[in-house]
Amino acid sequence: MLEVDHIRKEFGSVRAVRDISFAIQPGTTFGLLGPNGAGKTTTMRMILGIVETDGGRIAWQGKPVDGKMRRRCGYLPEERGLYAKMKVREQIHYFGRLHGLTEPKITQRTDAWIERLGLQDYALRPCSELSKGNQQKVQMACAAVHEPELLILDEPFSGLDPVNADMLLMVLSDLKARGATLVLSSHQMWQLEELCTSFCIIAGGATKTSGTLEQLRAAWPTRVIRVAPNSSAVCAVLGAVPGARSLGNAQSDGAVDYEVPAATELPPILRRLVEADAITRFEAIEPSLHDIYIRAIEETK
Amino acid sequence: MNDVLIVYSAEIMRRIKSRPFLIGLVVGLIFILFIVKAPAFLGGVLGNVGKRIVLAGDPRLTAQAKPLLAHDFTIRRVVTSTSAPAPAQLRAYRVSTVIALSRGANGALRIAVYSRNPGNVHTDTLRRDLLPLNLQLATSLHARRITGLLHIPVTVHSVGAKFASSTAQNAARGIAYTLIVFLYMLILINSQFVMSSVAEEKTSRISELLVASVDATALLAGKVLAAGTLALLLLAIWVGAAVTLGSPAGGAASASGASPFGLAGIFTGTIITPLVGVGFLVFFVLGFLQLSTMFAAMGALINRTEDLGSLSFPLVMPVIAAFFIAVTALAVPHAPWVVAASFIPLLAPFVMFARMAVSNVPVWQILLSVAINVAALWGIALLAGKLYRVGMLLYGRAPNFKQIWTVLRTN
């Protein structure tokens, strides 16, 4: 398990991370969310030991992340590049060596990644001759050639076209299936929602909320119910529910959305609605990750 | 340690195949070819300018003058007419100068020089060569007697000096000067290479991927050690080439002290002793490590390759200063300020070596200088390592010195 426990970091007068805590189970995929400047990159750098913490504790499998452990980690930073003149194969091979791989495993892994990412035709070309998409594939291979136990990816989807984003999703799913623990940060909520099993939302250098999507939803204070038809009888029933308010967003099929407190029992409301009108639709809409994120960030402001 | 070795071997392979290394190697060899062969070549070509002459005058005078001038001039023809020659006549003689001898009213020798290149006329040499003839004409003494009187024997005796003769000392100065030039070139070129290599990683945005894979200190150490190894390799190739090209002529030149560039004397063990050889290597390594770590740290602060020049300039200044102090030290190795400079980090690698090459430096001074510079290297490595670790992760505008200080203080 990766434990991040009340870590903090200051750069001179700038408090980059004030108090961040979360825990990640091995073999799971974890989404680190937050606006720009929230402290995501600094947190990732601290997990890998690139930047030292000013306080708090980070442990992987109960032990601090030291140089030996770091070799079993992989990292794809947001600011990433390649040696322009080095050939693709040499580049992946070099990063394999830096992560402690030895022959013949290193050659096997290098070849496997080149094949997996469809880079066979470019293997002997300098990286500067590759398209941006292919360079991003090489960067991914460099970060994961040693098949890390823990792979940290900072904004891995930024700058990727849809084809390469799908390719990356496929690679990450593959790594996940092999049992790797993945930590991702991204502004692409749908991609994170698809990949991750648990999340942490941070803002202003502090944890706002964390947990699985179900836990985050359970902690959400309200629910949205969508009902059709949008009749006065329906509105009267919904308006009588304590704490309910209309979201005023009439749907194309004539449905209406109402927000009610999370603790509200829905079956009695449904019964009253059926008695009041000929109900064609009744749906409880769970908050999306995007909704949870926006609310958490707005609360900070 | 394994990380350092991996980075070290990768850097060696990357650099050996790189164009700048190959260009540096070839340019260095051309430079050595020039400095080894140039004195002989230029001496042959430029030295003869104005020295091919036609001797003119009374046959009795020219007959006496001819053997005196033969040491320094090539006399292509002897004529009797002392009138000014026409340019066509000089071309016909294939000389640029006619030296006309005559006697004045008091019987003394008069010399008139007609030349197409008056600036290349060796008047002092002429005066010196013809002085015995002038004295002979004035005193009627025999020419051999006069020559004997003019040649006063001077014997130099060494008192606590490193070299027994001025010839050996001059040869040592020449070799030491050449080695200081090598030291200067190697330290500066390779340190700047380390800087541009770090800057390349920074500007290509691969630095963060690297420091996530391997400890920043190991990365820095591997880079600096690889550059140092290749600098030593270049040095070995250059010195080997210089010795090969300079031998046997180079050896002869060194022994006579005629050429400052003869390097064959390095391995005779008399001019450059084993202690000086070891001193050169030790101070080279110290100087290189001090400077290249500083250059690497500066490289880590660069976000645009255009900033390389402006950030490296403050580091180049002490090297230039050290070079000039070292050259001065070859002449005055015991001057108090030279002695002081031979202990100061960044200056000492050049200055102490220069002092060692041309004088007997007390062993305690050498050891103290090494100790101070090792301690300084340790301090530089700590600060540079910190700056490098942080700098590799800093993007955006290059930080100013206040920000650099904050980084050093808070990390």
# chains A, B, ... in the order shown; residues from 1 in each chain; ligands from 1
$ interface_residues --of "chain A" --to "chain B" --cutoff "8 Å" --atoms "only C-alpha atoms" --output "number ranges by chain"
A: 11-12, 48-50, 67, 70-71, 74-77, 79-84, 94-95, 97-99, 143
$ select_by_dssp --residues "range 47-288 of chain A" --states "strand (DSSP E or B)" --output "PyMOL selection string"
chain A and resi 55-60+63-64+73-76+87+126+150-154+181-185+198-203+206-212+222-228+245-246+256-261+281-285
$ write_last_selection --atoms "C-alpha atoms" --output "PDB file, in the first residue's frame"
ATOM      1  CA  GLY A  55       6.976  17.079   6.987  1.00  0.00           C
ATOM      2  CA  GLY A  56       4.671  14.080   7.003  1.00  0.00           C
ATOM      3  CA  ARG A  57       5.348  10.540   5.893  1.00  0.00           C
ATOM      4  CA  ILE A  58       5.318   8.603   2.633  1.00  0.00           C
ATOM      5  CA  ALA A  59       5.636   4.824   2.616  1.00  0.00           C
ATOM      6  CA  TRP A  60       5.268   2.070   0.053  1.00  0.00           C
ATOM      7  CA  LYS A  63       8.781   1.386   3.987  1.00  0.00           C
ATOM      8  CA  PRO A  64      10.010   4.850   2.983  1.00  0.00           C
ATOM      9  CA  CYS A  73       8.684   2.887  -9.670  1.00  0.00           C
ATOM     10  CA  GLY A  74       7.990   4.509 -12.996  1.00  0.00           C
ATOM     11  CA  TYR A  75       7.244   8.156 -13.676  1.00  0.00           C
ATOM     12  CA  LEU A  76       5.881  10.008 -16.645  1.00  0.00           C
ATOM     13  CA  LYS A  87      17.722   6.386 -31.384  1.00  0.00           C
ATOM     14  CA  PRO A 126      16.662   9.352 -33.811  1.00  0.00           C
ATOM     15  CA  LEU A 150       4.096   1.757  -8.971  1.00  0.00           C
ATOM     16  CA  LEU A 151       3.662   3.948 -12.025  1.00  0.00           C
ATOM     17  CA  ILE A 152       3.002   7.650 -11.548  1.00  0.00           C
ATOM     18  CA  LEU A 153       1.705   9.609 -14.519  1.00  0.00           C
ATOM     19  CA  ASP A 154       1.361  13.369 -14.364  1.00  0.00           C
ATOM     20  CA  THR A 181      -0.433   0.326  -9.043  1.00  0.00           C
ATOM     21  CA  LEU A 182      -1.145   3.429 -11.084  1.00  0.00           C
ATOM     22  CA  VAL A 183      -1.350   7.022  -9.893  1.00  0.00           C
ATOM     23  CA  LEU A 184      -2.662   9.484 -12.452  1.00  0.00           C
ATOM     24  CA  SER A 185      -3.412  13.145 -12.553  1.00  0.00           C
ATOM     25  CA  SER A 198     -10.200   5.609  -6.120  1.00  0.00           C
ATOM     26  CA  PHE A 199      -9.537   9.327  -6.124  1.00  0.00           C
ATOM     27  CA  CYS A 200      -8.194  12.218  -4.145  1.00  0.00           C
ATOM     28  CA  ILE A 201      -9.230  15.785  -4.843  1.00  0.00           C
ATOM     29  CA  ILE A 202      -6.775  18.400  -3.688  1.00  0.00           C
ATOM     30  CA  ALA A 203      -6.903  22.174  -3.789  1.00  0.00           C
ATOM     31  CA  ALA A 206      -4.591  20.261   0.898  1.00  0.00           C
ATOM     32  CA  THR A 207      -6.793  17.188   0.561  1.00  0.00           C
ATOM     33  CA  LYS A 208     -10.443  18.092   0.009  1.00  0.00           C
ATOM     34  CA  THR A 209     -11.863  14.606  -0.266  1.00  0.00           C
ATOM     35  CA  SER A 210     -10.721  11.106  -1.127  1.00  0.00           C
ATOM     36  CA  GLY A 211     -12.026   7.593  -1.579  1.00  0.00           C
ATOM     37  CA  THR A 212     -13.656   5.350  -4.172  1.00  0.00           C
ATOM     38  CA  THR A 222     -27.622  15.962  -2.299  1.00  0.00           C
ATOM     39  CA  ARG A 223     -29.126  13.770  -4.995  1.00  0.00           C
ATOM     40  CA  VAL A 224     -30.662  14.742  -8.308  1.00  0.00           C
ATOM     41  CA  ILE A 225     -33.915  13.124  -9.345  1.00  0.00           C
ATOM     42  CA  ARG A 226     -35.169  13.405 -12.894  1.00  0.00           C
ATOM     43  CA  VAL A 227     -38.933  13.095 -13.384  1.00  0.00           C
ATOM     44  CA  ALA A 228     -41.223  13.256 -16.432  1.00  0.00           C
ATOM     45  CA  ARG A 245     -35.060  22.714  -5.180  1.00  0.00           C
ATOM     46  CA  SER A 246     -35.675  22.756  -8.913  1.00  0.00           C
ATOM     47  CA  VAL A 256     -37.426  18.027 -14.908  1.00  0.00           C
ATOM     48  CA  ASP A 257     -34.460  17.825 -12.451  1.00  0.00           C
ATOM     49  CA  TYR A 258     -34.812  18.397  -8.713  1.00  0.00           C
ATOM     50  CA  GLU A 259     -32.048  18.347  -6.154  1.00  0.00           C
ATOM     51  CA  VAL A 260     -32.977  16.781  -2.830  1.00  0.00           C
ATOM     52  CA  PRO A 261     -30.954  16.113   0.329  1.00  0.00           C
ATOM     53  CA  ARG A 281     -39.750   8.662 -16.035  1.00  0.00           C
ATOM     54  CA  PHE A 282     -38.245   8.599 -12.534  1.00  0.00           C
ATOM     55  CA  GLU A 283     -34.490   8.482 -12.257  1.00  0.00           C
ATOM     56  CA  ALA A 284     -32.044   9.094  -9.406  1.00  0.00           C
ATOM     57  CA  ILE A 285     -28.922  10.595 -10.963  1.00  0.00           C
TER      58      ILE A 285
END
$ residues_around --residues "range 17-21 of chain A" --least-positions-apart "6" --cutoff "8 Å" --atoms "only C-alpha atoms" --output "JSON, numbers by chain"
{"A": [3, 4, 5, 6, 7, 8, 9, 10, 38, 39, 42, 43, 202, 204, 205, 206, 207]}
$ write_last_selection --atoms "N, CA and C atoms" --output "PDB file, in the first residue's frame"
ATOM      1  N   GLU A   3       1.153   4.870   1.269  1.00  0.00           N
ATOM      2  CA  GLU A   3       0.555   5.749   2.277  1.00  0.00           C
ATOM      3  C   GLU A   3       1.167   7.139   2.189  1.00  0.00           C
ATOM      4  N   VAL A   4       0.337   8.106   2.000  1.00  0.00           N
ATOM      5  CA  VAL A   4       0.788   9.503   2.011  1.00  0.00           C
ATOM      6  C   VAL A   4       0.090  10.147   3.198  1.00  0.00           C
ATOM      7  N   ASP A   5       0.897  10.553   4.179  1.00  0.00           N
ATOM      8  CA  ASP A   5       0.316  10.917   5.463  1.00  0.00           C
ATOM      9  C   ASP A   5       0.729  12.342   5.877  1.00  0.00           C
ATOM     10  N   HIS A   6      -0.194  13.263   5.696  1.00  0.00           N
ATOM     11  CA  HIS A   6       0.009  14.663   6.131  1.00  0.00           C
ATOM     12  C   HIS A   6       1.320  15.260   5.636  1.00  0.00           C
ATOM     13  N   ILE A   7       1.569  15.133   4.355  1.00  0.00           N
ATOM     14  CA  ILE A   7       2.824  15.680   3.832  1.00  0.00           C
ATOM     15  C   ILE A   7       2.678  17.172   3.551  1.00  0.00           C
ATOM     16  N   ARG A   8       3.819  17.866   3.633  1.00  0.00           N
ATOM     17  CA  ARG A   8       3.810  19.306   3.300  1.00  0.00           C
ATOM     18  C   ARG A   8       5.139  19.690   2.680  1.00  0.00           C
ATOM     19  N   LYS A   9       5.094  20.779   1.910  1.00  0.00           N
ATOM     20  CA  LYS A   9       6.300  21.252   1.241  1.00  0.00           C
ATOM     21  C   LYS A   9       6.203  22.740   0.977  1.00  0.00           C
ATOM     22  N   GLU A  10       7.277  23.438   1.324  1.00  0.00           N
ATOM     23  CA  GLU A  10       7.332  24.880   1.050  1.00  0.00           C
ATOM     24  C   GLU A  10       8.541  25.170   0.167  1.00  0.00           C
ATOM     25  N   ALA A  38      -2.515  23.191  -7.566  1.00  0.00           N
ATOM     26  CA  ALA A  38      -3.093  22.599  -6.349  1.00  0.00           C
ATOM     27  C   ALA A  38      -2.033  21.843  -5.548  1.00  0.00           C
ATOM     28  N   GLY A  39      -0.942  21.439  -6.206  1.00  0.00           N
ATOM     29  CA  GLY A  39       0.106  20.684  -5.511  1.00  0.00           C
ATOM     30  C   GLY A  39       0.230  19.250  -5.997  1.00  0.00           C
ATOM     31  N   THR A  42       3.938  18.445  -7.207  1.00  0.00           N
ATOM     32  CA  THR A  42       4.841  18.402  -6.052  1.00  0.00           C
ATOM     33  C   THR A  42       4.593  17.132  -5.238  1.00  0.00           C
ATOM     34  N   THR A  43       3.316  16.773  -5.090  1.00  0.00           N
ATOM     35  CA  THR A  43       2.984  15.552  -4.346  1.00  0.00           C
ATOM     36  C   THR A  43       3.597  14.333  -5.042  1.00  0.00           C
ATOM     37  N   ILE A 202      -7.532  17.453  -4.505  1.00  0.00           N
ATOM     38  CA  ILE A 202      -6.775  18.400  -3.688  1.00  0.00           C
ATOM     39  C   ILE A 202      -6.945  19.806  -4.259  1.00  0.00           C
ATOM     40  N   GLY A 204      -5.428  23.993  -3.226  1.00  0.00           N
ATOM     41  CA  GLY A 204      -4.662  24.850  -2.306  1.00  0.00           C
ATOM     42  C   GLY A 204      -3.660  24.071  -1.479  1.00  0.00           C
ATOM     43  N   GLY A 205      -3.172  22.968  -2.009  1.00  0.00           N
ATOM     44  CA  GLY A 205      -2.143  22.189  -1.313  1.00  0.00           C
ATOM     45  C   GLY A 205      -2.683  21.284  -0.223  1.00  0.00           C
ATOM     46  N   ALA A 206      -4.014  21.111  -0.159  1.00  0.00           N
ATOM     47  CA  ALA A 206      -4.591  20.261   0.898  1.00  0.00           C
ATOM     48  C   ALA A 206      -5.632  19.305   0.312  1.00  0.00           C
ATOM     49  N   THR A 207      -5.803  18.172   0.999  1.00  0.00           N
ATOM     50  CA  THR A 207      -6.793  17.188   0.561  1.00  0.00           C
ATOM     51  C   THR A 207      -8.201  17.723   0.826  1.00  0.00           C
TER      52      THR A 207
END
$ select_by_dssp --residues "range 69-293 of chain A" --states "helix (DSSP H, G or I)" --output "ChimeraX atom specification"
/A:69-70,88-98,105-116,120-122,127-129,132-144,162-177,189-195,213-218,232-239,266-276,289-293
$ atom_distance --atom1 "CA of Pro132 in chain B" --atom2 "CA of Ser81 in chain B"
23.4 Å
$ atom_distance --atom1 "CA of Leu25 in chain B" --atom2 "CA of Ser197 in chain B"
17.7 Å
$ residues_around --residues "Met294 in chain B" --least-positions-apart "5" --cutoff "8 Å" --atoms "only C-alpha atoms" --output "VMD selection string"
chain B and resid 315 380 to 381 384
$ write_last_selection --atoms "C-alpha atoms" --output "mmCIF file, in the first residue's frame"
data_model
loop_
_atom_site.group_PDB
_atom_site.id
_atom_site.type_symbol
_atom_site.label_atom_id
_atom_site.label_comp_id
_atom_site.auth_asym_id
_atom_site.auth_seq_id
_atom_site.Cartn_x
_atom_site.Cartn_y
_atom_site.Cartn_z
ATOM 1 C CA LEU B 315 32.434 30.925 -14.640
ATOM 2 C CA ILE B 380 31.302 23.145 -4.572
ATOM 3 C CA ALA B 381 29.913 19.639 -5.150
ATOM 4 C CA ALA B 384 26.243 22.499 -7.162
#
$ residues_around --residues "Glu193 in chain A" --least-positions-apart "6" --cutoff "10 Å" --atoms "only C-alpha atoms" --output "PyMOL selection string"
chain A and resi 30-31+199+213+288-290
$ write_last_selection --atoms "N, CA and C atoms" --output "tab-separated table (two decimals), in the first residue's frame"
chain	number	residue	atom	x	y	z
A	30	PHE	N	-5.32	5.01	-9.15
A	30	PHE	CA	-5.68	6.13	-8.28
A	30	PHE	C	-5.63	7.43	-9.06
A	31	GLY	N	-6.65	8.23	-8.96
A	31	GLY	CA	-6.70	9.51	-9.66
A	31	GLY	C	-6.45	10.66	-8.70
A	199	PHE	N	-9.93	7.97	-5.75
A	199	PHE	CA	-9.54	9.33	-6.12
A	199	PHE	C	-9.18	10.15	-4.89
A	213	LEU	N	-15.19	6.03	-5.92
A	213	LEU	CA	-16.26	6.86	-6.47
A	213	LEU	C	-17.55	6.68	-5.65
A	288	SER	N	-21.58	12.86	-10.90
A	288	SER	CA	-20.40	12.37	-11.64
A	288	SER	C	-19.14	12.84	-10.92
A	289	LEU	N	-18.01	12.29	-11.34
A	289	LEU	CA	-16.73	12.70	-10.77
A	289	LEU	C	-16.53	14.20	-11.02
A	290	HIS	N	-16.97	14.63	-12.20
A	290	HIS	CA	-16.86	16.05	-12.56
A	290	HIS	C	-17.63	16.91	-11.56
$ closest_residue --among "A:Met140, A:Val145, A:Arg217, A:Asp121" --to "Ile106 in chain A" --atoms "only C-alpha atoms"
A:Val145
$ atom_distance --atom1 "CA of Val224 in chain B" --atom2 "CA of Glu52 in chain A"
24.1 Å
$ residues_around --residues "range 189-194 of chain B" --least-positions-apart "3" --cutoff "6 Å" --atoms "only C-alpha atoms" --output "list of chain:residue names"
B:Met185, B:Leu186, B:Ser197, B:Ser292, B:Ala296
$ residues_around --residues "range 120-128 of chain B" --least-positions-apart "6" --cutoff "12 Å" --atoms "only C-alpha atoms" --output "ChimeraX atom specification"
/B:46-53,55,65-66,68-73,96-101,109-114,134-135,147,150-151
